[in-house]
Amino acid sequence: MVRLPYVTALTTLFSYGLLFAFGQLRDFFRRILDARKPSNLKGYAPICLGLEDFYTRRLYLRIQDCFGRPIASAPDAWFDVVERYSNDCNKTLHRTQKTSKCLNLGSYNYLGFAAADEYCTPRVIESLKKYSASTCSVRVDGGNTKLHTELEELVARFVGKPAAILFGMGYVTNSAIIPALVGKGGLIISDSLNHNSIVNGARGSGATVRVFQHNNPAHLEDVLREQIAGGQPRTHRPWKKIIVIVEGIYSMEGELCKLPEAYTYLDEAHSIGAVGKTGRGVCELLGVDPDGIDIMMGTFTKSFGSCGGYIAASKEIIHHLKHTCPAHIYATSMSPPAVQQVISAIKVILGEDGTNRGAKKLAQIRENSNFFRSELQKMGFEVLGDNDSPVMPIMLYNPAKIPAFSRECLRQNVAVVTVAFPATPLLLARARICISASHSREDLIKGLEVISKVGDLVGIKYFPVEQEKTTAVEKLKKVQ
């Protein structure tokens with residue numbers, strides 16, 4: 001958990017207060033100047049209201065060039081970022097024909113399958129020729145190919161569950177599945193930092209939702225005891241169902257869940273394929289039997305270089321979902337080439353391609369992640385998350401440091417992702433680094449060197465540098 005220093009909290013609050021005050025002052029004078037101008041929006045309600053509109057206009061638009069940067073190549077270790085410019089103080093951005101080759105520290109390409117692969121790519125191209133880009137149908141009609149059935153069987157075998165079901169979008173896998181599993185009269189107990197897809201799925205289910213403190217099994221136990229003893233609101237009848245929902249790796253914190261002390265519904269969007277000796281996720285990493293997890297959710301968008309998601313569970317649960325979940329019954333099935341990409345990637349991980357490339361990729365992602373994290377910590381950055389996690393947030397806090405860090409890194413050909421409110425709490429803005437097995441040691445040292453320079457320039461090294469430990473960047477300088 002982040003322990004925000006008082007001085008940092010005060011300066012961050014002061015910065016937001018200053019932005020708010022000047023923004024309100026500008027709005028006041030704008031209303032006076034526009035009072036006599038005719039309005040072109042008569043009869044239309046504004047899209048955004050109140051503080052949401054104010055935040056978008058006066059805070060987000062000022063730094064929107066730091067978000068949504070278009071790319072012009074595959075998201076490999078290095079990729080091409082399209083250059084943009086604005087003539088109206090960032091209200092609108094215009095793309096140019098120029099691109100910058102940048103080190104990619106923002107994509108979820110954990111195992112490097114998102115770029116061309118000697119085993120996956122030819123098979124994906126062949127599936128495109130055979131099945132086309134889309135089935136143009138839902139699974140229950142004409143959109144169920146033998147590839148979809150093969151992938152469901154392969155996923156179930158890979159994660160150690162009896163059966164699995166596929167979905168065309170990772171976000172929908174949570175938001176559509178949860179209402180199909182629990183409804184009115186049920187109880188969902190959710191980690192306070194669960195992903196938005198889980199939050200929306202829980203809200204849409206009609207079940208009662210209770211939240212426990214992030215990664216705190218003791219508080220989870222207290223909430224469970226209280227809710228079981230009290231029962232449903234007003235009637236105090238026993239709950240029809242109780243589901244506890246946690247994530248394998250929390251995407252904004254980079255932390256592993258305390259799985260041995262939790263159970264039931266596990267979201268492995270960021271952990272499947274990326275952690276564990278053979279890539280089978282946090283169950284393998286933490287030594288938990290998959291039989292102890294009722295429902296295992298994951299996506300194909302990170303480690304497998306594709307799209308979509310899955311639910312793995314008992315045959316009875318999967319049978320129920322195939323007959324009740326709207327995302328399965330009404331949504332177009334996964335694109336066959338995307339399905340083939342996942343099949344090929346899993347076979348590489350399992351060594352069924354006849355090589356040990358999968359084992360090498362898994363070893364490389366662990367080595368790269370732990371190396372990069374330790375070097376950042378030696379430099380004095382406040383880095384969240386656990387060892388072995390390829391996600392490592394660097395705390396920025398102050399709103400002025402968000403665009404400063406992002407723009408300066410891009411200027412030095414390192415592409416990073418910055419995250420701020422409402423994706424994080426207002427005072428806890430951060431840069432989220434994602435490491436890949438495709439990064440070489442030279443790539444990582446280049447990234448560390450740039451981040452260290454920018455960190456000094458922006459002032460985000462909140463901890464003292466570990467003088468007794470020589471960083472890899474300093475070693476490289478000595479060699480040169």
# chains A, B, ... in the order shown; residues from 1 in each chain; ligands from 1

call {"tool": "select_by_dssp", "arguments": {"residues": "segment 268-455 of chain A", "states": "strand (DSSP E)", "output": "list of chain:residue names"}}
result
A:Ile295, A:Met296, A:Met297, A:Gly298, A:Thr299, A:Gly309, A:Tyr310, A:Ile311, A:Ala312, A:Ala313, A:Val391, A:Met392, A:Pro393, A:Ile394, A:Met395, A:Leu396, A:Tyr397, A:Val414, A:Ala415, A:Val417, A:Thr418, A:Val419, A:Ala429, A:Arg430, A:Ala431, A:Arg432, A:Ile433, A:Cys434

call {"tool": "closest_atom_pairs", "arguments": {"of": "segment 189-259 of chain A", "to": "segment 271-290 of chain A", "cutoff": "10 Å", "atoms": "only C-alpha atoms", "output": "Markdown table"}}
result
| residue | atom | partner | partner_atom | distance |
| --- | --- | --- | --- | --- |
| A:Glu247 | CA | A:Ser271 | CA | 8.6 |
| A:Gly248 | CA | A:Ser271 | CA | 5.7 |
| A:Ile249 | CA | A:Ser271 | CA | 5.6 |
| A:Tyr250 | CA | A:Ser271 | CA | 8.9 |
| A:Ser251 | CA | A:Ser271 | CA | 9.5 |
| A:Gly254 | CA | A:Ser271 | CA | 9.9 |
| A:Leu256 | CA | A:Val282 | CA | 7.5 |
| A:Cys257 | CA | A:Val282 | CA | 8.0 |
| A:Lys258 | CA | A:Leu286 | CA | 8.5 |
| A:Leu259 | CA | A:Leu286 | CA | 7.3 |

call {"tool": "write_last_selection", "arguments": {"atoms": "all heavy atoms", "output": "PDB file, in the first residue's frame"}}
result
ATOM      1  N   GLU A 247      -7.920 -10.141  -7.780  1.00  0.00           N
ATOM      2  CA  GLU A 247      -7.119 -10.195  -9.000  1.00  0.00           C
ATOM      3  C   GLU A 247      -5.806 -10.913  -8.723  1.00  0.00           C
ATOM      4  O   GLU A 247      -5.289 -10.887  -7.596  1.00  0.00           O
ATOM      5  CB  GLU A 247      -6.824  -8.786  -9.515  1.00  0.00           C
ATOM      6  CG  GLU A 247      -8.043  -8.042 -10.028  1.00  0.00           C
ATOM      7  CD  GLU A 247      -7.669  -6.731 -10.694  1.00  0.00           C
ATOM      8  OE1 GLU A 247      -6.709  -6.710 -11.487  1.00  0.00           O
ATOM      9  OE2 GLU A 247      -8.350  -5.723 -10.423  1.00  0.00           O
ATOM     10  N   GLY A 248      -5.244 -11.536  -9.760  1.00  0.00           N
ATOM     11  CA  GLY A 248      -3.945 -12.196  -9.613  1.00  0.00           C
ATOM     12  C   GLY A 248      -2.831 -11.194  -9.449  1.00  0.00           C
ATOM     13  O   GLY A 248      -2.043 -11.239  -8.506  1.00  0.00           O
ATOM     14  N   ILE A 249      -2.741 -10.245 -10.406  1.00  0.00           N
ATOM     15  CA  ILE A 249      -1.846  -9.092 -10.307  1.00  0.00           C
ATOM     16  C   ILE A 249      -2.705  -7.852 -10.476  1.00  0.00           C
ATOM     17  O   ILE A 249      -3.420  -7.718 -11.465  1.00  0.00           O
ATOM     18  CB  ILE A 249      -0.749  -9.121 -11.386  1.00  0.00           C
ATOM     19  CG1 ILE A 249       0.223 -10.280 -11.148  1.00  0.00           C
ATOM     20  CG2 ILE A 249       0.026  -7.804 -11.393  1.00  0.00           C
ATOM     21  CD1 ILE A 249       1.333 -10.381 -12.196  1.00  0.00           C
ATOM     22  N   TYR A 250      -2.649  -6.954  -9.514  1.00  0.00           N
ATOM     23  CA  TYR A 250      -3.444  -5.732  -9.588  1.00  0.00           C
ATOM     24  C   TYR A 250      -2.770  -4.765 -10.554  1.00  0.00           C
ATOM     25  O   TYR A 250      -1.613  -4.390 -10.382  1.00  0.00           O
ATOM     26  CB  TYR A 250      -3.608  -5.123  -8.196  1.00  0.00           C
ATOM     27  CG  TYR A 250      -4.490  -5.980  -7.319  1.00  0.00           C
ATOM     28  CD1 TYR A 250      -3.949  -7.021  -6.564  1.00  0.00           C
ATOM     29  CD2 TYR A 250      -5.857  -5.789  -7.300  1.00  0.00           C
ATOM     30  CE1 TYR A 250      -4.764  -7.837  -5.798  1.00  0.00           C
ATOM     31  CE2 TYR A 250      -6.684  -6.605  -6.533  1.00  0.00           C
ATOM     32  CZ  TYR A 250      -6.127  -7.626  -5.783  1.00  0.00           C
ATOM     33  OH  TYR A 250      -6.934  -8.445  -5.037  1.00  0.00           O
ATOM     34  N   SER A 251      -3.532  -4.376 -11.601  1.00  0.00           N
ATOM     35  CA  SER A 251      -2.936  -3.715 -12.758  1.00  0.00           C
ATOM     36  C   SER A 251      -2.373  -2.336 -12.460  1.00  0.00           C
ATOM     37  O   SER A 251      -1.489  -1.873 -13.180  1.00  0.00           O
ATOM     38  CB  SER A 251      -3.974  -3.602 -13.881  1.00  0.00           C
ATOM     39  OG  SER A 251      -5.111  -2.871 -13.447  1.00  0.00           O
ATOM     40  N   GLY A 254       0.675  -3.489  -9.382  1.00  0.00           N
ATOM     41  CA  GLY A 254       1.711  -4.474  -9.661  1.00  0.00           C
ATOM     42  C   GLY A 254       1.878  -5.496  -8.557  1.00  0.00           C
ATOM     43  O   GLY A 254       2.852  -6.243  -8.526  1.00  0.00           O
ATOM     44  N   LEU A 256       0.888  -8.861  -6.230  1.00  0.00           N
ATOM     45  CA  LEU A 256       0.251 -10.176  -6.306  1.00  0.00           C
ATOM     46  C   LEU A 256      -0.790 -10.289  -5.197  1.00  0.00           C
ATOM     47  O   LEU A 256      -0.592  -9.777  -4.092  1.00  0.00           O
ATOM     48  CB  LEU A 256       1.297 -11.276  -6.133  1.00  0.00           C
ATOM     49  CG  LEU A 256       2.447 -11.300  -7.153  1.00  0.00           C
ATOM     50  CD1 LEU A 256       3.526 -12.265  -6.695  1.00  0.00           C
ATOM     51  CD2 LEU A 256       1.934 -11.691  -8.517  1.00  0.00           C
ATOM     52  N   CYS A 257      -1.907 -10.952  -5.499  1.00  0.00           N
ATOM     53  CA  CYS A 257      -2.909 -11.141  -4.459  1.00  0.00           C
ATOM     54  C   CYS A 257      -2.411 -12.174  -3.456  1.00  0.00           C
ATOM     55  O   CYS A 257      -1.561 -13.011  -3.763  1.00  0.00           O
ATOM     56  CB  CYS A 257      -4.238 -11.600  -5.056  1.00  0.00           C
ATOM     57  SG  CYS A 257      -4.219 -13.300  -5.658  1.00  0.00           S
ATOM     58  N   LYS A 258      -2.963 -12.101  -2.244  1.00  0.00           N
ATOM     59  CA  LYS A 258      -2.629 -13.080  -1.205  1.00  0.00           C
ATOM     60  C   LYS A 258      -3.571 -14.264  -1.347  1.00  0.00           C
ATOM     61  O   LYS A 258      -4.448 -14.514  -0.512  1.00  0.00           O
ATOM     62  CB  LYS A 258      -2.713 -12.431   0.174  1.00  0.00           C
ATOM     63  CG  LYS A 258      -1.667 -11.327   0.350  1.00  0.00           C
ATOM     64  CD  LYS A 258      -1.670 -10.744   1.738  1.00  0.00           C
ATOM     65  CE  LYS A 258      -0.578  -9.687   1.883  1.00  0.00           C
ATOM     66  NZ  LYS A 258      -0.570  -9.053   3.220  1.00  0.00           N
ATOM     67  N   LEU A 259      -3.350 -15.000  -2.427  1.00  0.00           N
ATOM     68  CA  LEU A 259      -4.283 -16.050  -2.833  1.00  0.00           C
ATOM     69  C   LEU A 259      -4.427 -17.181  -1.823  1.00  0.00           C
ATOM     70  O   LEU A 259      -5.521 -17.719  -1.664  1.00  0.00           O
ATOM     71  CB  LEU A 259      -3.877 -16.602  -4.192  1.00  0.00           C
ATOM     72  CG  LEU A 259      -4.897 -17.466  -4.920  1.00  0.00           C
ATOM     73  CD1 LEU A 259      -6.204 -16.713  -5.077  1.00  0.00           C
ATOM     74  CD2 LEU A 259      -4.362 -17.879  -6.275  1.00  0.00           C
TER      75      LEU A 259
END

call {"tool": "residues_around", "arguments": {"residues": "Ala72 of chain A", "least_positions_apart": "3", "cutoff": "12 Å", "atoms": "only C-alpha atoms", "output": "list of chain:residue names"}}
result
A:Arg69, A:Pro75, A:Asp76, A:Trp78, A:Phe79, A:Asp80, A:Val81, A:Val82, A:Glu83, A:Arg95, A:Thr96, A:Gln97, A:Lys98, A:Thr99, A:Ser100, A:Lys101, A:Cys102

call {"tool": "select_by_dssp", "arguments": {"residues": "segment 139-289 of chain A", "states": "alpha helix (DSSP H)", "output": "JSON, numbers by chain"}}
result
{"A": [146, 147, 148, 149, 150, 151, 152, 153, 154, 155, 156, 157, 158, 159, 170, 171, 172, 173, 174, 175, 176, 177, 178, 179, 180, 181, 196, 197, 198, 199, 200, 201, 202, 203, 204, 205, 217, 218, 219, 220, 221, 222, 223, 224, 225, 226, 227, 228, 229, 230, 282, 283, 284, 285, 286]}

call {"tool": "residues_around", "arguments": {"residues": "Leu187 of chain A", "least_positions_apart": "2", "cutoff": "8 Å", "atoms": "only C-alpha atoms", "output": "tab-separated table (two decimals) with all heavy atoms, in the first residue's frame"}}
result
chain	number	residue	atom	x	y	z
A	182	VAL	N	-24.28	-14.34	-10.23
A	182	VAL	CA	-24.91	-13.95	-8.96
A	182	VAL	C	-25.87	-12.80	-9.23
A	182	VAL	O	-25.64	-11.97	-10.11
A	182	VAL	CB	-23.84	-13.55	-7.92
A	182	VAL	CG1	-23.01	-12.37	-8.39
A	182	VAL	CG2	-24.45	-13.28	-6.56
A	185	GLY	N	-30.19	-11.06	-3.94
A	185	GLY	CA	-30.13	-12.04	-2.86
A	185	GLY	C	-28.75	-12.63	-2.68
A	185	GLY	O	-28.51	-13.40	-1.74
A	189	ILE	N	-18.17	-9.91	-2.41
A	189	ILE	CA	-17.16	-9.26	-1.57
A	189	ILE	C	-15.95	-9.03	-2.45
A	189	ILE	O	-15.31	-9.97	-2.92
A	189	ILE	CB	-16.82	-10.12	-0.34
A	189	ILE	CG1	-18.09	-10.38	0.47
A	189	ILE	CG2	-15.77	-9.43	0.51
A	189	ILE	CD1	-17.87	-11.21	1.71
A	207	ALA	N	-26.68	-7.82	-7.10
A	207	ALA	CA	-26.29	-8.38	-5.80
A	207	ALA	C	-25.81	-7.27	-4.87
A	207	ALA	O	-25.44	-6.18	-5.29
A	207	ALA	CB	-25.19	-9.42	-5.98
A	208	THR	N	-25.82	-7.57	-3.59
A	208	THR	CA	-25.24	-6.66	-2.60
A	208	THR	C	-23.72	-6.72	-2.71
A	208	THR	O	-23.16	-7.81	-2.81
A	208	THR	CB	-25.69	-7.04	-1.18
A	208	THR	OG1	-27.11	-6.97	-1.12
A	208	THR	CG2	-25.08	-6.11	-0.15
A	209	VAL	N	-23.07	-5.57	-2.70
A	209	VAL	CA	-21.61	-5.52	-2.85
A	209	VAL	C	-21.00	-4.96	-1.58
A	209	VAL	O	-21.40	-3.92	-1.08
A	209	VAL	CB	-21.21	-4.64	-4.06
A	209	VAL	CG1	-19.69	-4.62	-4.21
A	209	VAL	CG2	-21.85	-5.15	-5.34
A	210	ARG	N	-20.02	-5.68	-1.06
A	210	ARG	CA	-19.23	-5.20	0.08
A	210	ARG	C	-17.76	-5.23	-0.31
A	210	ARG	O	-17.32	-6.13	-1.03
A	210	ARG	CB	-19.47	-6.08	1.32
A	210	ARG	CG	-20.88	-5.99	1.86
A	210	ARG	CD	-21.17	-4.63	2.46
A	210	ARG	NE	-22.53	-4.55	3.00
A	210	ARG	CZ	-23.57	-4.07	2.35
A	210	ARG	NH1	-23.40	-3.62	1.09
A	210	ARG	NH2	-24.76	-4.02	2.90
A	239	TRP	N	-27.74	-15.49	2.72
A	239	TRP	CA	-27.41	-15.13	1.34
A	239	TRP	C	-27.57	-16.33	0.42
A	239	TRP	O	-27.24	-17.46	0.79
A	239	TRP	CB	-25.96	-14.63	1.25
A	239	TRP	CG	-25.69	-13.40	2.06
A	239	TRP	CD1	-25.07	-13.34	3.27
A	239	TRP	CD2	-26.03	-12.06	1.72
A	239	TRP	NE1	-25.00	-12.05	3.72
A	239	TRP	CE2	-25.58	-11.23	2.78
A	239	TRP	CE3	-26.67	-11.47	0.63
A	239	TRP	CZ2	-25.74	-9.85	2.77
A	239	TRP	CZ3	-26.83	-10.08	0.62
A	239	TRP	CH2	-26.37	-9.29	1.68
A	240	LYS	N	-28.11	-16.10	-0.79
A	240	LYS	CA	-28.25	-17.18	-1.76
A	240	LYS	C	-26.88	-17.65	-2.24
A	240	LYS	O	-26.64	-18.84	-2.43
A	240	LYS	CB	-29.09	-16.70	-2.95
A	240	LYS	CG	-30.54	-16.40	-2.59
A	240	LYS	CD	-31.31	-15.91	-3.82
A	240	LYS	CE	-32.76	-15.61	-3.46
A	240	LYS	NZ	-33.50	-15.08	-4.64
A	241	LYS	N	-25.98	-16.69	-2.50
A	241	LYS	CA	-24.62	-17.00	-2.91
A	241	LYS	C	-23.69	-15.95	-2.32
A	241	LYS	O	-24.10	-14.79	-2.14
A	241	LYS	CB	-24.47	-16.95	-4.44
A	241	LYS	CG	-25.18	-18.04	-5.22
A	241	LYS	CD	-24.92	-17.84	-6.72
A	241	LYS	CE	-25.71	-18.84	-7.54
A	241	LYS	NZ	-25.54	-18.59	-9.00
A	242	ILE	N	-22.45	-16.33	-2.07
A	242	ILE	CA	-21.42	-15.37	-1.66
A	242	ILE	C	-20.20	-15.61	-2.55
A	242	ILE	O	-19.69	-16.73	-2.64
A	242	ILE	CB	-21.02	-15.54	-0.18
A	242	ILE	CG1	-22.23	-15.30	0.74
A	242	ILE	CG2	-19.89	-14.59	0.17
A	242	ILE	CD1	-21.93	-15.52	2.20
A	243	ILE	N	-19.75	-14.56	-3.24
A	243	ILE	CA	-18.59	-14.67	-4.12
A	243	ILE	C	-17.55	-13.66	-3.68
A	243	ILE	O	-17.84	-12.46	-3.53
A	243	ILE	CB	-18.97	-14.43	-5.60
A	243	ILE	CG1	-19.92	-15.51	-6.09
A	243	ILE	CG2	-17.73	-14.38	-6.47
A	243	ILE	CD1	-20.31	-15.37	-7.55

call {"tool": "closest_residue", "arguments": {"among": "A:Arg3, A:Phe28, A:Asn356, A:Gly230", "to": "Val383 of chain A", "atoms": "only C-alpha atoms"}}
result
A:Arg3

call {"tool": "residues_around", "arguments": {"residues": "Leu61 of chain A", "least_positions_apart": "2", "cutoff": "9 Å", "atoms": "only C-alpha atoms", "output": "ChimeraX atom specification"}}
result
/A:55-59,63-65,89-92

call {"tool": "write_last_selection", "arguments": {"atoms": "all heavy atoms", "output": "compact mmCIF listing (two decimals), in the first residue's frame"}}
result
# COMPACT_ATOMS: atom_id res chain seq x y z
N TYR A 55 -13.22 19.19 -14.79
CA TYR A 55 -11.99 18.40 -14.77
C TYR A 55 -11.50 18.12 -16.18
O TYR A 55 -10.30 18.21 -16.47
CB TYR A 55 -12.23 17.08 -14.03
CG TYR A 55 -11.01 16.20 -13.91
CD1 TYR A 55 -10.10 16.38 -12.87
CD2 TYR A 55 -10.75 15.21 -14.84
CE1 TYR A 55 -8.97 15.59 -12.76
CE2 TYR A 55 -9.63 14.40 -14.74
CZ TYR A 55 -8.74 14.60 -13.70
OH TYR A 55 -7.62 13.82 -13.60
N THR A 56 -12.44 17.80 -17.08
CA THR A 56 -12.05 17.50 -18.46
C THR A 56 -11.45 18.72 -19.14
O THR A 56 -10.40 18.63 -19.79
CB THR A 56 -13.28 17.00 -19.26
OG1 THR A 56 -13.80 15.84 -18.63
CG2 THR A 56 -12.89 16.67 -20.70
N ARG A 57 -12.10 19.86 -19.00
CA ARG A 57 -11.65 21.07 -19.70
C ARG A 57 -10.40 21.68 -19.11
O ARG A 57 -9.48 22.07 -19.83
CB ARG A 57 -12.76 22.12 -19.71
CG ARG A 57 -13.94 21.79 -20.59
CD ARG A 57 -14.95 22.93 -20.64
NE ARG A 57 -15.56 23.17 -19.33
CZ ARG A 57 -15.23 24.17 -18.51
NH1 ARG A 57 -14.29 25.03 -18.87
NH2 ARG A 57 -15.83 24.31 -17.34
N ARG A 58 -10.35 21.76 -17.79
CA ARG A 58 -9.29 22.54 -17.14
C ARG A 58 -8.09 21.71 -16.68
O ARG A 58 -7.03 22.28 -16.42
CB ARG A 58 -9.87 23.29 -15.93
CG ARG A 58 -10.90 24.34 -16.29
CD ARG A 58 -10.35 25.34 -17.27
NE ARG A 58 -11.30 26.40 -17.57
CZ ARG A 58 -11.16 27.26 -18.58
NH1 ARG A 58 -10.14 27.13 -19.41
NH2 ARG A 58 -12.06 28.20 -18.80
N LEU A 59 -8.24 20.39 -16.59
CA LEU A 59 -7.12 19.57 -16.17
C LEU A 59 -6.71 18.58 -17.25
O LEU A 59 -5.57 18.58 -17.69
CB LEU A 59 -7.44 18.84 -14.86
CG LEU A 59 -7.28 19.66 -13.58
CD1 LEU A 59 -8.48 20.59 -13.39
CD2 LEU A 59 -7.15 18.76 -12.37
N ILE A 63 -3.20 18.18 -20.65
CA ILE A 63 -2.14 17.16 -20.76
C ILE A 63 -2.59 15.97 -21.60
O ILE A 63 -2.00 14.89 -21.52
CB ILE A 63 -1.70 16.67 -19.36
CG1 ILE A 63 -2.87 16.01 -18.62
CG2 ILE A 63 -1.13 17.82 -18.53
CD1 ILE A 63 -2.45 15.31 -17.32
N GLN A 64 -3.62 16.14 -22.43
CA GLN A 64 -4.14 14.98 -23.17
C GLN A 64 -3.15 14.44 -24.20
O GLN A 64 -3.30 13.32 -24.68
CB GLN A 64 -5.48 15.32 -23.84
CG GLN A 64 -5.41 16.23 -25.03
CD GLN A 64 -6.68 16.15 -25.87
OE1 GLN A 64 -7.31 15.10 -25.96
NE2 GLN A 64 -7.08 17.27 -26.46
N ASP A 65 -2.11 15.21 -24.53
CA ASP A 65 -1.09 14.69 -25.45
C ASP A 65 -0.29 13.55 -24.81
O ASP A 65 0.41 12.81 -25.52
CB ASP A 65 -0.13 15.80 -25.87
CG ASP A 65 0.59 16.42 -24.69
OD1 ASP A 65 -0.08 17.03 -23.84
OD2 ASP A 65 1.83 16.29 -24.60
N CYS A 89 -3.78 24.95 -27.80
CA CYS A 89 -3.48 24.64 -26.38
C CYS A 89 -4.01 23.26 -25.97
O CYS A 89 -4.58 23.08 -24.90
CB CYS A 89 -4.04 25.71 -25.45
SG CYS A 89 -3.38 27.35 -25.75
N ASN A 90 -3.84 22.29 -26.84
CA ASN A 90 -4.15 20.89 -26.56
C ASN A 90 -5.63 20.54 -26.60
O ASN A 90 -6.01 19.42 -26.25
CB ASN A 90 -3.58 20.45 -25.20
CG ASN A 90 -2.33 19.63 -25.36
OD1 ASN A 90 -1.72 19.60 -26.43
ND2 ASN A 90 -1.90 18.97 -24.30
N LYS A 91 -6.49 21.46 -27.04
CA LYS A 91 -7.92 21.11 -27.14
C LYS A 91 -8.13 20.06 -28.23
O LYS A 91 -8.96 19.16 -28.07
CB LYS A 91 -8.74 22.36 -27.44
CG LYS A 91 -8.85 23.33 -26.27
CD LYS A 91 -9.73 24.50 -26.61
CE LYS A 91 -9.83 25.47 -25.44
NZ LYS A 91 -10.66 26.66 -25.77
N THR A 92 -7.40 20.20 -29.32
CA THR A 92 -7.44 19.20 -30.38
C THR A 92 -6.01 18.84 -30.77
O THR A 92 -5.12 19.70 -30.77
CB THR A 92 -8.19 19.71 -31.63
OG1 THR A 92 -7.57 20.93 -32.09
CG2 THR A 92 -9.64 19.96 -31.31

call {"tool": "closest_residue", "arguments": {"among": "A:Thr324, A:Ser369, A:Thr135, A:Thr424", "to": "Ala338 of chain A", "atoms": "only C-alpha atoms"}}
result
A:Thr135

call {"tool": "residues_around", "arguments": {"residues": "Ile433 of chain A", "least_positions_apart": "3", "cutoff": "9 Å", "atoms": "only C-alpha atoms", "output": "PyMOL selection string"}}
result
chain A and resi 105-107+390-394+416-418

call {"tool": "write_last_selection", "arguments": {"atoms": "N, CA and C atoms", "output": "mmCIF file, in the first residue's frame"}}
result
data_model
loop_
_atom_site.group_PDB
_atom_site.id
_atom_site.type_symbol
_atom_site.label_atom_id
_atom_site.label_comp_id
_atom_site.auth_asym_id
_atom_site.auth_seq_id
_atom_site.Cartn_x
_atom_site.Cartn_y
_atom_site.Cartn_z
ATOM 1 N N LEU A 105 7.796 0.780 -23.052
ATOM 2 C CA LEU A 105 7.660 0.387 -21.645
ATOM 3 C C LEU A 105 6.210 0.530 -21.169
ATOM 4 N N GLY A 106 5.264 0.461 -22.122
ATOM 5 C CA GLY A 106 3.875 0.658 -21.753
ATOM 6 C C GLY A 106 2.936 -0.459 -22.150
ATOM 7 N N SER A 107 3.305 -1.296 -23.121
ATOM 8 C CA SER A 107 2.384 -2.331 -23.607
ATOM 9 C C SER A 107 2.390 -3.557 -22.710
ATOM 10 N N PRO A 390 5.512 -8.201 -13.727
ATOM 11 C CA PRO A 390 6.016 -7.361 -14.817
ATOM 12 C C PRO A 390 5.429 -5.955 -14.815
ATOM 13 N N VAL A 391 4.495 -5.687 -13.901
ATOM 14 C CA VAL A 391 3.886 -4.365 -13.782
ATOM 15 C C VAL A 391 4.530 -3.641 -12.612
ATOM 16 N N MET A 392 5.091 -2.460 -12.868
ATOM 17 C CA MET A 392 5.751 -1.710 -11.795
ATOM 18 C C MET A 392 5.432 -0.225 -11.872
ATOM 19 N N PRO A 393 4.478 0.242 -11.054
ATOM 20 C CA PRO A 393 4.143 1.660 -11.011
ATOM 21 C C PRO A 393 5.229 2.481 -10.304
ATOM 22 N N ILE A 394 5.568 3.618 -10.898
ATOM 23 C CA ILE A 394 6.473 4.595 -10.287
ATOM 24 C C ILE A 394 5.625 5.769 -9.837
ATOM 25 N N VAL A 416 6.294 5.756 -22.140
ATOM 26 C CA VAL A 416 5.763 5.266 -20.873
ATOM 27 C C VAL A 416 4.284 5.628 -20.774
ATOM 28 N N VAL A 417 3.591 4.952 -19.896
ATOM 29 C CA VAL A 417 2.171 5.220 -19.644
ATOM 30 C C VAL A 417 2.049 5.912 -18.296
ATOM 31 N N THR A 418 1.390 7.065 -18.274
ATOM 32 C CA THR A 418 1.104 7.747 -17.010
ATOM 33 C C THR A 418 -0.377 7.583 -16.694
#

call {"tool": "closest_residue", "arguments": {"among": "A:Arg441, A:Lys378, A:Arg139, A:Lys184", "to": "Gln364 of chain A", "atoms": "only C-alpha atoms"}}
result
A:Arg441

call {"tool": "closest_residue", "arguments": {"among": "A:Pro179, A:Gly160, A:Gly17, A:Pro422", "to": "Pro326 of chain A", "atoms": "only C-alpha atoms"}}
result
A:Pro179

call {"tool": "residues_around", "arguments": {"residues": "segment 112-121 of chain A", "least_positions_apart": "6", "cutoff": "6 Å", "atoms": "only C-alpha atoms", "output": "number ranges by chain"}}
result
A: 74, 76, 304-305, 341, 344, 437-438

call {"tool": "closest_residue", "arguments": {"among": "A:Ser190, A:Asn196, A:Ser205, A:Ser389", "to": "Tyr171 of chain A", "atoms": "only C-alpha atoms"}}
result
A:Asn196

call {"tool": "atom_distance", "arguments": {"atom1": "atom CA of Leu181 of chain A", "atom2": "atom CA of Glu221 of chain A"}}
result
22.0 Å
